[in-house]
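Q: The structure file target_6.txt (compact mmCIF, C-alpha atoms) is provided below.
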# COMPACT_ATOMS: atom_id res chain seq x y z
CA MET A 1 73.08 153.07 94.20
CA ASN A 2 70.17 154.49 96.14
CA LEU A 3 70.16 153.44 99.81
CA ASP A 4 66.67 151.94 99.70
CA GLU A 5 67.57 149.96 96.57
CA ALA A 6 70.68 148.64 98.30
CA VAL A 7 68.67 147.55 101.32
CA LEU A 8 65.88 146.01 99.25
CA GLY A 9 68.20 144.28 96.79
CA ARG A 10 70.92 142.94 99.09
CA ARG A 11 70.75 139.22 99.76
CA SER A 12 73.14 136.74 101.33
CA ILE A 13 75.34 135.40 98.54
CA ARG A 14 77.38 132.22 98.93
CA LYS A 15 78.26 131.46 95.29
CA TYR A 16 80.74 133.67 93.47
CA GLN A 17 82.01 134.09 89.93
CA ARG A 18 85.69 133.39 89.31
CA LYS A 19 86.36 137.06 88.92
CA GLU A 20 88.73 139.02 91.11
CA VAL A 21 87.51 141.83 93.33
CA PRO A 22 89.90 144.74 92.68
CA ASP A 23 91.91 146.10 95.60
CA SER A 24 90.50 149.53 94.84
CA VAL A 25 86.96 148.26 95.47
CA VAL A 26 87.93 146.53 98.73
CA ARG A 27 89.52 149.78 99.82
CA GLU A 28 86.31 151.70 99.04
CA LEU A 29 84.35 149.26 101.19
CA LEU A 30 86.73 149.64 104.12
CA ASP A 31 86.80 153.40 103.75
CA LEU A 32 82.99 153.39 104.07
CA ALA A 33 83.00 150.81 106.88
CA ARG A 34 85.11 153.05 109.10
CA ARG A 35 82.39 155.75 108.83
CA ALA A 36 80.09 153.55 110.92
CA PRO A 37 79.26 154.82 114.39
CA SER A 38 81.46 153.50 117.20
CA SER A 39 81.27 153.71 120.98
CA MET A 40 82.66 157.04 122.13
CA ASN A 41 83.94 157.48 118.55
CA GLY A 42 86.69 154.99 119.38
CA GLN A 43 86.90 153.72 115.78
CA PRO A 44 88.28 150.45 117.12
CA TRP A 45 88.18 148.52 113.85
CA ARG A 46 91.01 146.43 112.46
CA PHE A 47 90.34 144.84 109.10
CA ILE A 48 92.16 141.82 107.67
CA VAL A 49 91.81 141.32 103.91
CA ILE A 50 92.33 137.68 102.93
CA ARG A 51 92.91 136.48 99.37
CA LYS A 52 95.33 133.54 99.79
CA ALA A 53 93.79 130.13 99.06
CA GLU A 54 95.61 128.39 101.89
CA ILE A 55 94.29 130.77 104.52
CA LYS A 56 90.74 130.45 103.15
CA ARG A 57 91.09 126.66 103.27
CA GLN A 58 92.04 126.81 106.93
CA ILE A 59 89.19 129.19 107.72
CA VAL A 60 86.77 126.68 106.17
CA ALA A 61 88.24 123.90 108.31
CA ILE A 62 87.91 125.94 111.52
CA LYS A 63 84.36 127.15 110.73
CA ASN A 64 83.16 123.62 109.93
CA LYS A 65 84.88 122.10 112.96
CA TYR A 66 82.99 124.41 115.31
CA CYS A 67 79.72 124.66 113.38
CA PRO A 68 76.75 124.23 115.74
CA THR A 69 74.50 121.27 114.89
CA GLU A 70 71.53 123.48 114.02
CA LYS A 71 73.54 125.37 111.42
CA LEU A 72 75.03 122.37 109.59
CA ALA A 73 72.82 123.15 106.59
CA PHE A 74 75.13 126.12 106.01
CA LYS A 75 78.58 124.60 105.80
CA ALA A 76 81.46 126.99 105.32
CA ASP A 77 83.01 125.27 102.28
CA PHE A 78 81.89 128.06 99.96
CA LEU A 79 84.33 130.43 101.69
CA LYS A 80 87.24 128.89 99.82
CA ASP A 81 85.70 130.12 96.55
CA ALA A 82 85.20 133.69 97.72
CA PRO A 83 87.74 135.92 95.96
CA VAL A 84 88.20 137.90 99.14
CA ILE A 85 87.27 137.61 102.80
CA ILE A 86 87.24 140.63 105.10
CA VAL A 87 87.68 139.82 108.77
CA VAL A 88 86.47 142.62 111.04
CA CYS A 89 88.29 142.74 114.37
CA VAL A 90 87.96 145.19 117.21
CA ASP A 91 90.70 146.62 119.41
CA ARG A 92 89.33 146.20 122.93
CA SER A 93 91.31 149.17 124.23
CA ARG A 94 89.11 151.45 122.09
CA SER A 95 85.74 149.71 122.06
CA PHE A 96 84.32 150.39 125.54
CA GLU A 97 83.01 146.85 126.10
CA ARG A 98 81.04 147.02 122.84
CA GLU A 99 83.22 144.82 120.66
CA VAL A 100 80.34 143.05 118.92
CA GLU A 101 78.28 146.19 118.36
CA ASN A 102 81.19 148.10 116.84
CA ALA A 103 82.19 145.27 114.52
CA VAL A 104 78.64 144.54 113.37
CA LEU A 105 77.92 148.18 112.52
CA ALA A 106 80.97 148.19 110.23
CA GLY A 107 79.92 144.80 108.86
CA ALA A 108 76.48 146.07 107.91
CA TYR A 109 78.10 148.95 106.04
CA ILE A 110 80.40 146.54 104.16
CA LEU A 111 77.47 144.35 103.08
CA LEU A 112 75.44 147.29 101.77
CA ALA A 113 78.40 148.98 100.09
CA ALA A 114 79.39 145.68 98.48
CA HIS A 115 75.91 145.17 97.07
CA SER A 116 75.86 148.72 95.72
CA ARG A 117 79.01 147.83 93.73
CA GLY A 118 77.61 144.62 92.28
CA LEU A 119 79.27 142.38 94.85
CA GLY A 120 77.61 139.79 97.05
CA GLY A 121 78.56 138.62 100.50
CA VAL A 122 77.18 137.10 103.64
CA TYR A 123 77.49 137.98 107.30
CA MET A 124 79.41 135.32 109.24
CA SER A 125 80.68 135.26 112.78
CA ALA A 126 84.34 134.78 113.65
CA TYR A 127 83.74 133.77 117.28
CA ARG A 128 81.24 131.89 119.35
CA ALA A 129 80.48 132.91 122.93
CA GLY A 130 81.75 130.32 125.39
CA GLU A 131 83.74 128.48 122.69
CA GLU A 132 87.39 129.30 123.19
CA GLY A 133 88.48 126.75 120.61
CA ILE A 134 87.27 128.67 117.58
CA ASP A 135 88.59 131.92 119.00
CA GLY A 136 92.02 130.41 119.65
CA GLU A 137 92.31 128.79 116.24
CA PHE A 138 91.36 131.97 114.36
CA ARG A 139 93.80 133.99 116.46
CA GLU A 140 96.62 131.60 115.69
CA LEU A 141 95.82 131.37 111.97
CA LEU A 142 95.53 135.12 111.50
CA GLY A 143 98.06 136.28 114.09
CA ILE A 144 95.49 138.27 116.06
CA PRO A 145 96.86 139.48 119.41
CA ALA A 146 95.11 139.10 122.76
CA GLY A 147 93.82 142.69 122.92
CA VAL A 148 92.00 142.43 119.60
CA ASP A 149 88.83 140.39 119.02
CA PRO A 150 87.82 138.86 115.70
CA VAL A 151 84.05 139.32 115.45
CA THR A 152 82.83 138.88 111.90
CA MET A 153 84.15 137.66 108.55
CA ILE A 154 82.53 138.67 105.31
CA PRO A 155 83.31 136.75 102.11
CA LEU A 156 82.81 138.83 98.98
CA GLY A 157 82.66 138.19 95.27
CA TYR A 158 80.61 138.86 92.16
CA PRO A 159 77.42 136.79 92.64
CA ASP A 160 76.95 133.52 90.80
CA GLU A 161 73.48 132.93 92.23
CA THR A 162 70.20 134.85 92.31
CA PRO A 163 68.24 134.00 95.44
CA GLY A 164 64.46 133.89 95.09
CA PRO A 165 62.25 136.37 96.92
CA LYS A 166 62.48 136.30 100.71
CA ASP A 167 59.40 135.66 102.82
CA LEU A 168 59.25 138.47 105.34
CA VAL A 169 57.52 138.31 108.68
CA PRO A 170 54.61 140.81 108.41
CA LEU A 171 55.62 144.17 109.81
CA ASP A 172 52.54 144.48 112.02
CA GLU A 173 53.50 141.30 113.83
CA VAL A 174 56.83 142.70 114.94
CA VAL A 175 56.07 146.33 115.72
CA SER A 176 54.45 147.51 118.94
CA LEU A 177 53.77 150.96 120.28
CA GLU A 178 55.04 152.36 123.59
CA THR A 179 55.42 148.93 125.21
CA PHE A 180 55.94 145.37 124.01
CA SER A 181 52.90 143.48 122.80
CA GLU A 182 52.70 139.84 121.71
CA MET B 1 69.71 159.19 98.76
CA ASN B 2 72.77 157.44 97.33
CA LEU B 3 74.21 154.80 99.67
CA ASP B 4 77.70 156.32 99.76
CA GLU B 5 76.23 159.74 100.51
CA ALA B 6 74.21 158.26 103.36
CA VAL B 7 77.30 156.60 104.83
CA LEU B 8 79.49 159.68 104.40
CA GLY B 9 76.88 162.13 105.69
CA ARG B 10 75.43 160.23 108.64
CA ARG B 11 76.54 161.48 112.04
CA SER B 12 75.40 160.81 115.57
CA ILE B 13 72.72 163.38 116.35
CA ARG B 14 71.63 164.13 119.92
CA LYS B 15 69.76 167.43 119.42
CA TYR B 16 66.42 167.42 117.65
CA GLN B 17 63.99 170.00 116.32
CA ARG B 18 60.52 170.12 117.91
CA LYS B 19 59.02 168.57 114.83
CA GLU B 20 57.17 165.28 114.79
CA VAL B 21 58.46 162.30 112.86
CA PRO B 22 55.46 160.98 110.93
CA ASP B 23 54.29 157.41 111.56
CA SER B 24 54.64 156.74 107.86
CA VAL B 25 58.37 157.53 108.03
CA VAL B 26 58.91 155.36 111.10
CA ARG B 27 57.15 152.56 109.28
CA GLU B 28 59.44 152.96 106.26
CA LEU B 29 62.47 152.68 108.53
CA LEU B 30 61.18 149.51 110.16
CA ASP B 31 60.22 148.03 106.81
CA LEU B 32 63.82 148.54 105.68
CA ALA B 33 65.29 147.36 109.00
CA ARG B 34 63.63 143.95 108.67
CA ARG B 35 65.49 143.47 105.34
CA ALA B 36 68.75 143.19 107.28
CA PRO B 37 70.42 139.80 107.27
CA SER B 38 69.62 137.56 110.24
CA SER B 39 71.01 134.26 111.49
CA MET B 40 69.42 131.39 109.55
CA ASN B 41 66.97 134.00 108.21
CA GLY B 42 65.22 133.90 111.58
CA GLN B 43 64.09 137.54 111.31
CA PRO B 44 63.93 137.67 115.10
CA TRP B 45 63.34 141.41 115.44
CA ARG B 46 60.71 143.00 117.64
CA PHE B 47 60.52 146.78 117.44
CA ILE B 48 59.00 149.06 120.06
CA VAL B 49 58.15 152.59 118.91
CA ILE B 50 58.09 155.04 121.80
CA ARG B 51 56.60 158.53 121.64
CA LYS B 52 55.15 159.07 125.11
CA ALA B 53 57.01 161.62 127.22
CA GLU B 54 56.64 159.66 130.44
CA ILE B 55 58.25 156.54 128.99
CA LYS B 56 61.11 158.60 127.56
CA ARG B 57 61.61 160.22 130.96
CA GLN B 58 61.93 156.83 132.59
CA ILE B 59 64.32 155.61 129.90
CA VAL B 60 66.55 158.61 130.64
CA ALA B 61 66.49 157.80 134.35
CA ILE B 62 67.45 154.16 133.74
CA LYS B 63 70.20 154.98 131.23
CA ASN B 64 71.75 157.59 133.53
CA LYS B 65 71.49 155.36 136.60
CA TYR B 66 73.54 152.66 134.91
CA CYS B 67 75.86 154.88 132.86
CA PRO B 68 79.47 153.67 133.15
CA THR B 69 81.85 156.26 134.59
CA GLU B 70 83.85 156.56 131.38
CA LYS B 71 80.75 157.48 129.40
CA LEU B 72 79.39 160.15 131.76
CA ALA B 73 80.24 162.80 129.15
CA PHE B 74 77.32 161.41 127.16
CA LYS B 75 74.40 161.61 129.53
CA ALA B 76 71.10 160.29 128.26
CA ASP B 77 69.01 163.38 129.06
CA PHE B 78 68.69 164.28 125.40
CA LEU B 79 66.53 161.18 124.85
CA LYS B 80 63.54 162.92 126.40
CA ASP B 81 63.61 165.45 123.56
CA ALA B 82 63.73 162.87 120.79
CA PRO B 83 60.34 162.79 119.05
CA VAL B 84 60.57 159.04 118.74
CA ILE B 85 62.71 156.23 120.12
CA ILE B 86 62.89 152.84 118.43
CA VAL B 87 63.88 149.98 120.72
CA VAL B 88 65.18 146.97 118.81
CA CYS B 89 64.58 143.69 120.63
CA VAL B 90 65.34 140.15 119.53
CA ASP B 91 63.25 137.01 120.09
CA ARG B 92 65.77 134.50 121.39
CA SER B 93 63.79 131.56 120.00
CA ARG B 94 64.63 132.78 116.48
CA SER B 95 68.07 134.32 116.82
CA PHE B 96 70.41 131.31 117.15
CA GLU B 97 72.53 132.77 119.95
CA ARG B 98 73.21 135.88 117.85
CA GLU B 99 70.94 138.34 119.62
CA VAL B 100 73.36 141.26 119.49
CA GLU B 101 74.43 140.68 115.89
CA ASN B 102 70.85 140.48 114.63
CA ALA B 103 69.74 143.60 116.48
CA VAL B 104 72.76 145.67 115.46
CA LEU B 105 72.39 144.82 111.77
CA ALA B 106 68.82 146.16 111.88
CA GLY B 107 70.03 149.14 113.90
CA ALA B 108 72.61 150.06 111.28
CA TYR B 109 69.90 149.99 108.63
CA ILE B 110 67.66 152.24 110.72
CA LEU B 111 70.44 154.80 111.19
CA LEU B 112 71.28 154.96 107.48
CA ALA B 113 67.65 154.98 106.36
CA ALA B 114 66.87 157.71 108.89
CA HIS B 115 69.70 159.89 107.61
CA SER B 116 68.56 159.38 104.02
CA ARG B 117 65.20 160.85 105.05
CA GLY B 118 66.66 163.89 106.75
CA LEU B 119 66.44 162.42 110.24
CA GLY B 120 69.21 162.12 112.77
CA GLY B 121 69.76 159.50 115.44
CA VAL B 122 72.38 157.82 117.52
CA TYR B 123 73.15 154.20 118.31
CA MET B 124 72.57 153.42 121.99
CA SER B 125 72.60 150.15 123.87
CA ALA B 126 69.62 148.87 125.83
CA TYR B 127 71.59 146.37 127.91
CA ARG B 128 74.98 146.00 129.51
CA ALA B 129 76.66 142.61 129.80
CA GLY B 130 76.83 141.48 133.40
CA GLU B 131 74.49 144.24 134.56
CA GLU B 132 71.14 142.67 135.29
CA GLY B 133 69.80 145.86 136.83
CA ILE B 134 69.50 147.79 133.60
CA ASP B 135 68.09 144.77 131.81
CA GLY B 136 65.46 144.22 134.50
CA GLU B 137 64.40 147.86 134.64
CA PHE B 138 63.98 148.16 130.87
CA ARG B 139 62.03 144.91 130.78
CA GLU B 140 59.67 146.13 133.45
CA LEU B 141 59.21 149.58 131.94
CA LEU B 142 58.53 148.26 128.44
CA GLY B 143 56.84 144.97 129.32
CA ILE B 144 59.45 142.87 127.53
CA PRO B 145 59.06 139.14 128.27
CA ALA B 146 61.88 136.82 129.32
CA GLY B 147 62.39 135.25 125.88
CA VAL B 148 62.99 138.58 124.20
CA ASP B 149 66.13 140.70 124.65
CA PRO B 150 66.25 144.48 124.31
CA VAL B 151 69.56 145.25 122.55
CA THR B 152 69.57 148.74 121.13
CA MET B 153 67.51 151.92 121.30
CA ILE B 154 67.70 154.55 118.62
CA PRO B 155 66.30 158.04 119.27
CA LEU B 156 65.29 159.85 116.09
CA GLY B 157 64.33 163.34 115.12
CA TYR B 158 65.04 166.12 112.65
CA PRO B 159 68.55 167.34 113.54
CA ASP B 160 69.06 170.56 115.46
CA GLU B 161 72.85 170.32 115.36
CA THR B 162 75.49 170.01 112.66
CA PRO B 163 78.50 168.13 113.96
CA GLY B 164 81.88 169.26 112.68
CA PRO B 165 84.01 166.98 110.53
CA LYS B 166 85.09 163.73 112.15
CA ASP B 167 88.76 162.84 112.50
CA LEU B 168 89.16 159.39 111.03
CA VAL B 169 91.91 156.96 111.91
CA PRO B 170 94.00 156.61 108.69
CA LEU B 171 92.83 153.61 106.69
CA ASP B 172 96.34 152.20 106.26
CA GLU B 173 96.72 151.96 110.02
CA VAL B 174 93.73 149.66 110.39
CA VAL B 175 93.95 147.42 107.32
CA SER B 176 96.28 144.46 107.04
CA LEU B 177 96.64 141.80 104.37
CA GLU B 178 96.29 138.03 104.92
CA THR B 179 97.18 138.21 108.61
CA PHE B 180 97.02 140.80 111.36
CA SER B 181 99.82 143.37 111.48
CA GLU B 182 100.39 146.06 114.10
Now that the file is in, can you turn its structure into structure tokens?

A:
Amino acid sequence: MNLDEAVLGRRSIRKYQRKEVPDSVVRELLDLARRAPSSMNGQPWRFIVIRKAEIKRQIVAIKNKYCPTEKLAFKADFLKDAPVIIVVCVDRSRSFEREVENAVLAGAYILLAAHSRGLGGVYMSAYRAGEEGIDGEFRELLGIPAGVDPVTMIPLGYPDETPGPKDLVPLDEVVSLETFSE
Amino acid sequence: MNLDEAVLGRRSIRKYQRKEVPDSVVRELLDLARRAPSSMNGQPWRFIVIRKAEIKRQIVAIKNKYCPTEKLAFKADFLKDAPVIIVVCVDRSRSFEREVENAVLAGAYILLAAHSRGLGGVYMSAYRAGEEGIDGEFRELLGIPAGVDPVTMIPLGYPDETPGPKDLVPLDEVVSLETFSE
């Protein structure tokens, strides 16, 4: 798929068909994700591919337990119906204090590459600054060691919803030249 | 350009031809960038497009002044020769505590869309956690108000270098199934 088409067509998808996502496709996504830029070319990514129902169920429980009040409209229950969840972690010994940046760059690649293959997904965070509870519970569930940070988790599946058009903030309102303007 | 080709071909480019990047192309990049996912669809991005030599010169001075020792091999001097620099900021009132995530997602889109149009760029940060000096100096230089955070700056131009092939960490070393494995 053309890059512009992928960007224009990708939407956040939270409902999935009961159709497996082949291992070969997941592998393609991860192979592309590791081509993202990384600080000092450290390539610090560690990916966890989750398909087991019991682990998904526990992820839902942890996400909902720590969901901020203002985001309660987006409960995490749908994650249990995602055929696969990719957790993007970062090895701090190779990420030069840019754990979030490195993980998110790979996450953006996964979302676009997934869409280009007919898959849908949604960007979700696997940590919350200042909230050690969620961090600790994910680490225990997924066996993530202290030197590695879970940053994002991306559920993927063949879409079972077609979101309507998105209202975009007008470009002229968000672009300024040379210096910031209101 | 095909999405996979864009991902496979994109490299970090720090040398640029003396050839202007048309406004129309910059606008295309920003139009695509604002299609990135954002927390609660807040679309919190604010983009600053910089072309003036004097502003670039001051950006170089600030970046070099606060460059961490371990990154001194990548001095920021090349920024002054970039025809255009896009600074991606985030309005905190619309970003739900995910300033970095929202900015980086848009940044990844800019880098891929730039490559697909024959441009080269490199991901750079516009802040450093715990370092108020760099944050304050960028805010003053670019007139960025307190409620808006500068997160990344992406210099762009037509490439005047062709990086050699990149050594990638083997995929099997960085992928694990269900739980983390060393």

Q: I'm after chain B in the frame of chain A: fit it by least squares over all Cα atoms matched in order, and give me the output as a short mmCIF file (atom, residue, chain, number, x, y, z; two decimals) with C-alpha atoms, in the frame of the given file.

A:
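This is the output file out07.cif:
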data_model
loop_
_atom_site.label_atom_id
_atom_site.label_comp_id
_atom_site.auth_asym_id
_atom_site.auth_seq_id
_atom_site.Cartn_x
_atom_site.Cartn_y
_atom_site.Cartn_z
CA MET B 1 73.09 153.07 94.19
CA ASN B 2 70.16 154.49 96.15
CA LEU B 3 70.16 153.44 99.81
CA ASP B 4 66.67 151.93 99.71
CA GLU B 5 67.57 149.97 96.59
CA ALA B 6 70.68 148.64 98.30
CA VAL B 7 68.67 147.54 101.33
CA LEU B 8 65.88 146.00 99.26
CA GLY B 9 68.21 144.27 96.79
CA ARG B 10 70.92 142.94 99.10
CA ARG B 11 70.78 139.21 99.74
CA SER B 12 73.14 136.73 101.32
CA ILE B 13 75.34 135.40 98.53
CA ARG B 14 77.38 132.21 98.93
CA LYS B 15 78.26 131.46 95.28
CA TYR B 16 80.74 133.67 93.48
CA GLN B 17 82.00 134.08 89.93
CA ARG B 18 85.70 133.38 89.30
CA LYS B 19 86.37 137.06 88.91
CA GLU B 20 88.73 139.03 91.09
CA VAL B 21 87.51 141.83 93.32
CA PRO B 22 89.90 144.72 92.69
CA ASP B 23 91.92 146.12 95.60
CA SER B 24 90.50 149.53 94.83
CA VAL B 25 86.96 148.24 95.47
CA VAL B 26 87.94 146.53 98.72
CA ARG B 27 89.52 149.78 99.81
CA GLU B 28 86.32 151.70 99.05
CA LEU B 29 84.35 149.27 101.19
CA LEU B 30 86.74 149.64 104.12
CA ASP B 31 86.80 153.41 103.74
CA LEU B 32 83.01 153.39 104.07
CA ALA B 33 83.01 150.81 106.87
CA ARG B 34 85.12 153.05 109.11
CA ARG B 35 82.40 155.74 108.83
CA ALA B 36 80.11 153.55 110.92
CA PRO B 37 79.26 154.82 114.38
CA SER B 38 81.45 153.50 117.20
CA SER B 39 81.27 153.71 120.98
CA MET B 40 82.67 157.05 122.15
CA ASN B 41 83.94 157.47 118.57
CA GLY B 42 86.70 154.99 119.39
CA GLN B 43 86.90 153.73 115.79
CA PRO B 44 88.29 150.45 117.12
CA TRP B 45 88.18 148.51 113.85
CA ARG B 46 91.00 146.42 112.48
CA PHE B 47 90.34 144.84 109.10
CA ILE B 48 92.14 141.82 107.67
CA VAL B 49 91.81 141.31 103.91
CA ILE B 50 92.33 137.69 102.93
CA ARG B 51 92.93 136.48 99.38
CA LYS B 52 95.32 133.55 99.80
CA ALA B 53 93.79 130.15 99.07
CA GLU B 54 95.61 128.40 101.89
CA ILE B 55 94.28 130.79 104.53
CA LYS B 56 90.75 130.45 103.16
CA ARG B 57 91.09 126.67 103.27
CA GLN B 58 92.04 126.81 106.93
CA ILE B 59 89.19 129.20 107.71
CA VAL B 60 86.77 126.69 106.18
CA ALA B 61 88.23 123.91 108.31
CA ILE B 62 87.89 125.96 111.51
CA LYS B 63 84.36 127.15 110.74
CA ASN B 64 83.16 123.63 109.93
CA LYS B 65 84.89 122.11 112.96
CA TYR B 66 82.99 124.41 115.29
CA CYS B 67 79.71 124.64 113.36
CA PRO B 68 76.74 124.22 115.71
CA THR B 69 74.50 121.28 114.86
CA GLU B 70 71.53 123.47 114.00
CA LYS B 71 73.53 125.37 111.40
CA LEU B 72 75.02 122.36 109.59
CA ALA B 73 72.82 123.17 106.58
CA PHE B 74 75.13 126.13 106.01
CA LYS B 75 78.56 124.61 105.79
CA ALA B 76 81.45 127.00 105.32
CA ASP B 77 83.00 125.28 102.29
CA PHE B 78 81.89 128.05 99.97
CA LEU B 79 84.33 130.43 101.69
CA LYS B 80 87.24 128.90 99.81
CA ASP B 81 85.71 130.12 96.55
CA ALA B 82 85.20 133.69 97.71
CA PRO B 83 87.75 135.91 95.96
CA VAL B 84 88.21 137.90 99.13
CA ILE B 85 87.28 137.61 102.79
CA ILE B 86 87.24 140.63 105.09
CA VAL B 87 87.68 139.82 108.77
CA VAL B 88 86.47 142.61 111.03
CA CYS B 89 88.30 142.73 114.36
CA VAL B 90 87.96 145.20 117.21
CA ASP B 91 90.71 146.63 119.42
CA ARG B 92 89.35 146.19 122.93
CA SER B 93 91.31 149.18 124.23
CA ARG B 94 89.11 151.44 122.08
CA SER B 95 85.74 149.72 122.05
CA PHE B 96 84.32 150.38 125.54
CA GLU B 97 83.00 146.86 126.10
CA ARG B 98 81.04 147.04 122.84
CA GLU B 99 83.21 144.83 120.67
CA VAL B 100 80.34 143.06 118.92
CA GLU B 101 78.27 146.19 118.36
CA ASN B 102 81.19 148.10 116.84
CA ALA B 103 82.19 145.27 114.53
CA VAL B 104 78.64 144.54 113.36
CA LEU B 105 77.92 148.18 112.51
CA ALA B 106 80.97 148.19 110.22
CA GLY B 107 79.92 144.80 108.86
CA ALA B 108 76.48 146.07 107.90
CA TYR B 109 78.10 148.93 106.02
CA ILE B 110 80.40 146.54 104.16
CA LEU B 111 77.48 144.35 103.09
CA LEU B 112 75.43 147.28 101.77
CA ALA B 113 78.39 148.98 100.10
CA ALA B 114 79.39 145.68 98.49
CA HIS B 115 75.91 145.16 97.07
CA SER B 116 75.87 148.71 95.71
CA ARG B 117 79.00 147.82 93.74
CA GLY B 118 77.60 144.62 92.29
CA LEU B 119 79.27 142.38 94.85
CA GLY B 120 77.63 139.78 97.03
CA GLY B 121 78.56 138.62 100.51
CA VAL B 122 77.19 137.10 103.64
CA TYR B 123 77.48 137.98 107.31
CA MET B 124 79.41 135.32 109.23
CA SER B 125 80.68 135.25 112.78
CA ALA B 126 84.34 134.79 113.65
CA TYR B 127 83.74 133.79 117.27
CA ARG B 128 81.23 131.90 119.35
CA ALA B 129 80.47 132.91 122.93
CA GLY B 130 81.75 130.33 125.37
CA GLU B 131 83.73 128.51 122.68
CA GLU B 132 87.37 129.31 123.19
CA GLY B 133 88.47 126.76 120.62
CA ILE B 134 87.27 128.67 117.59
CA ASP B 135 88.59 131.93 119.01
CA GLY B 136 92.02 130.42 119.66
CA GLU B 137 92.29 128.80 116.24
CA PHE B 138 91.36 131.97 114.36
CA ARG B 139 93.79 133.99 116.46
CA GLU B 140 96.60 131.61 115.67
CA LEU B 141 95.81 131.36 111.97
CA LEU B 142 95.54 135.12 111.50
CA GLY B 143 98.06 136.27 114.10
CA ILE B 144 95.49 138.27 116.06
CA PRO B 145 96.87 139.48 119.42
CA ALA B 146 95.10 139.10 122.76
CA GLY B 147 93.80 142.68 122.92
CA VAL B 148 92.01 142.42 119.61
CA ASP B 149 88.83 140.39 119.02
CA PRO B 150 87.83 138.86 115.69
CA VAL B 151 84.04 139.33 115.44
CA THR B 152 82.84 138.89 111.90
CA MET B 153 84.14 137.66 108.55
CA ILE B 154 82.53 138.67 105.31
CA PRO B 155 83.32 136.75 102.11
CA LEU B 156 82.81 138.82 98.97
CA GLY B 157 82.66 138.20 95.28
CA TYR B 158 80.61 138.85 92.16
CA PRO B 159 77.43 136.79 92.64
CA ASP B 160 76.94 133.51 90.81
CA GLU B 161 73.47 132.93 92.24
CA THR B 162 70.20 134.85 92.32
CA PRO B 163 68.25 134.01 95.45
CA GLY B 164 64.48 133.88 95.11
CA PRO B 165 62.27 136.36 96.93
CA LYS B 166 62.49 136.29 100.71
CA ASP B 167 59.41 135.66 102.84
CA LEU B 168 59.26 138.47 105.34
CA VAL B 169 57.52 138.30 108.69
CA PRO B 170 54.60 140.80 108.42
CA LEU B 171 55.62 144.17 109.81
CA ASP B 172 52.54 144.48 112.02
CA GLU B 173 53.49 141.30 113.84
CA VAL B 174 56.84 142.69 114.95
CA VAL B 175 56.07 146.33 115.74
CA SER B 176 54.44 147.50 118.94
CA LEU B 177 53.76 150.97 120.29
CA GLU B 178 55.04 152.35 123.62
CA THR B 179 55.42 148.93 125.21
CA PHE B 180 55.95 145.38 124.02
CA SER B 181 52.89 143.48 122.80
CA GLU B 182 52.69 139.85 121.72
#

Q: What's the 6 Å shell around Asn64 (chain B), counting only C-alpha atoms, without same-chain residues fewer than 3 positions away, as a list in words?

A: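 Final neighbour list, sorted by chain and number: Ala61, Cys67 and Ala76 of chain B.
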
Q: Return as number ranges by chain the residues belonging to chain A that are within 6 Å of chain B, counting only C-alpha atoms.

A: A: 1-3, 46-50, 105, 108, 142-144, 174-180

Q: Work out how far apart CA of Lys80 (chain A) and CA of Glu20 (chain A) are and give it in Å to one decimal.

A: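 Separation between CA of Lys80 (chain A) and CA of Glu20 (chain A): 13.4 Å.
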
Q: Skip Pro159 (chain A) itself and residues of its chain fewer than 2 positions away, then list as a ChimeraX atom specification all residues within 8 Å of it, counting all atoms listed in the file.

A: /A:13-17,118-120,157,161-162

Q: Would you mind telling me which residue in B:His115, B:Arg94, B:Gly164, B:Thr69 lies nearest to Asp149 (chain B) when using only C-alpha atoms?

A: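 Distance minimum relative to Asp149 (chain B) lands on B:Arg94.
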
Q: Mind giving me the straight-line distance from CA of Leu79 (chain B) to CA of Pro155 (chain B) in Å, one decimal?

A: 6.4 Å

Q: At what distance in Å, to one decimal, does CA of Gly133 (chain B) lie from CA of Ile62 (chain B)?

A: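 Between CA of Ile62 (chain B) and CA of Gly133 (chain B) the gap is 9.2 Å.
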
Q: Measuring between all atoms listed in the file, which one of B:Asp135, B:Asp91, B:Asp160, B:Asp23 shows the shortest distance to Gly121 (chain B)?

A: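 Looking only at the distances to Gly121 (chain B), the closest residue turns out to be B:Asp160.
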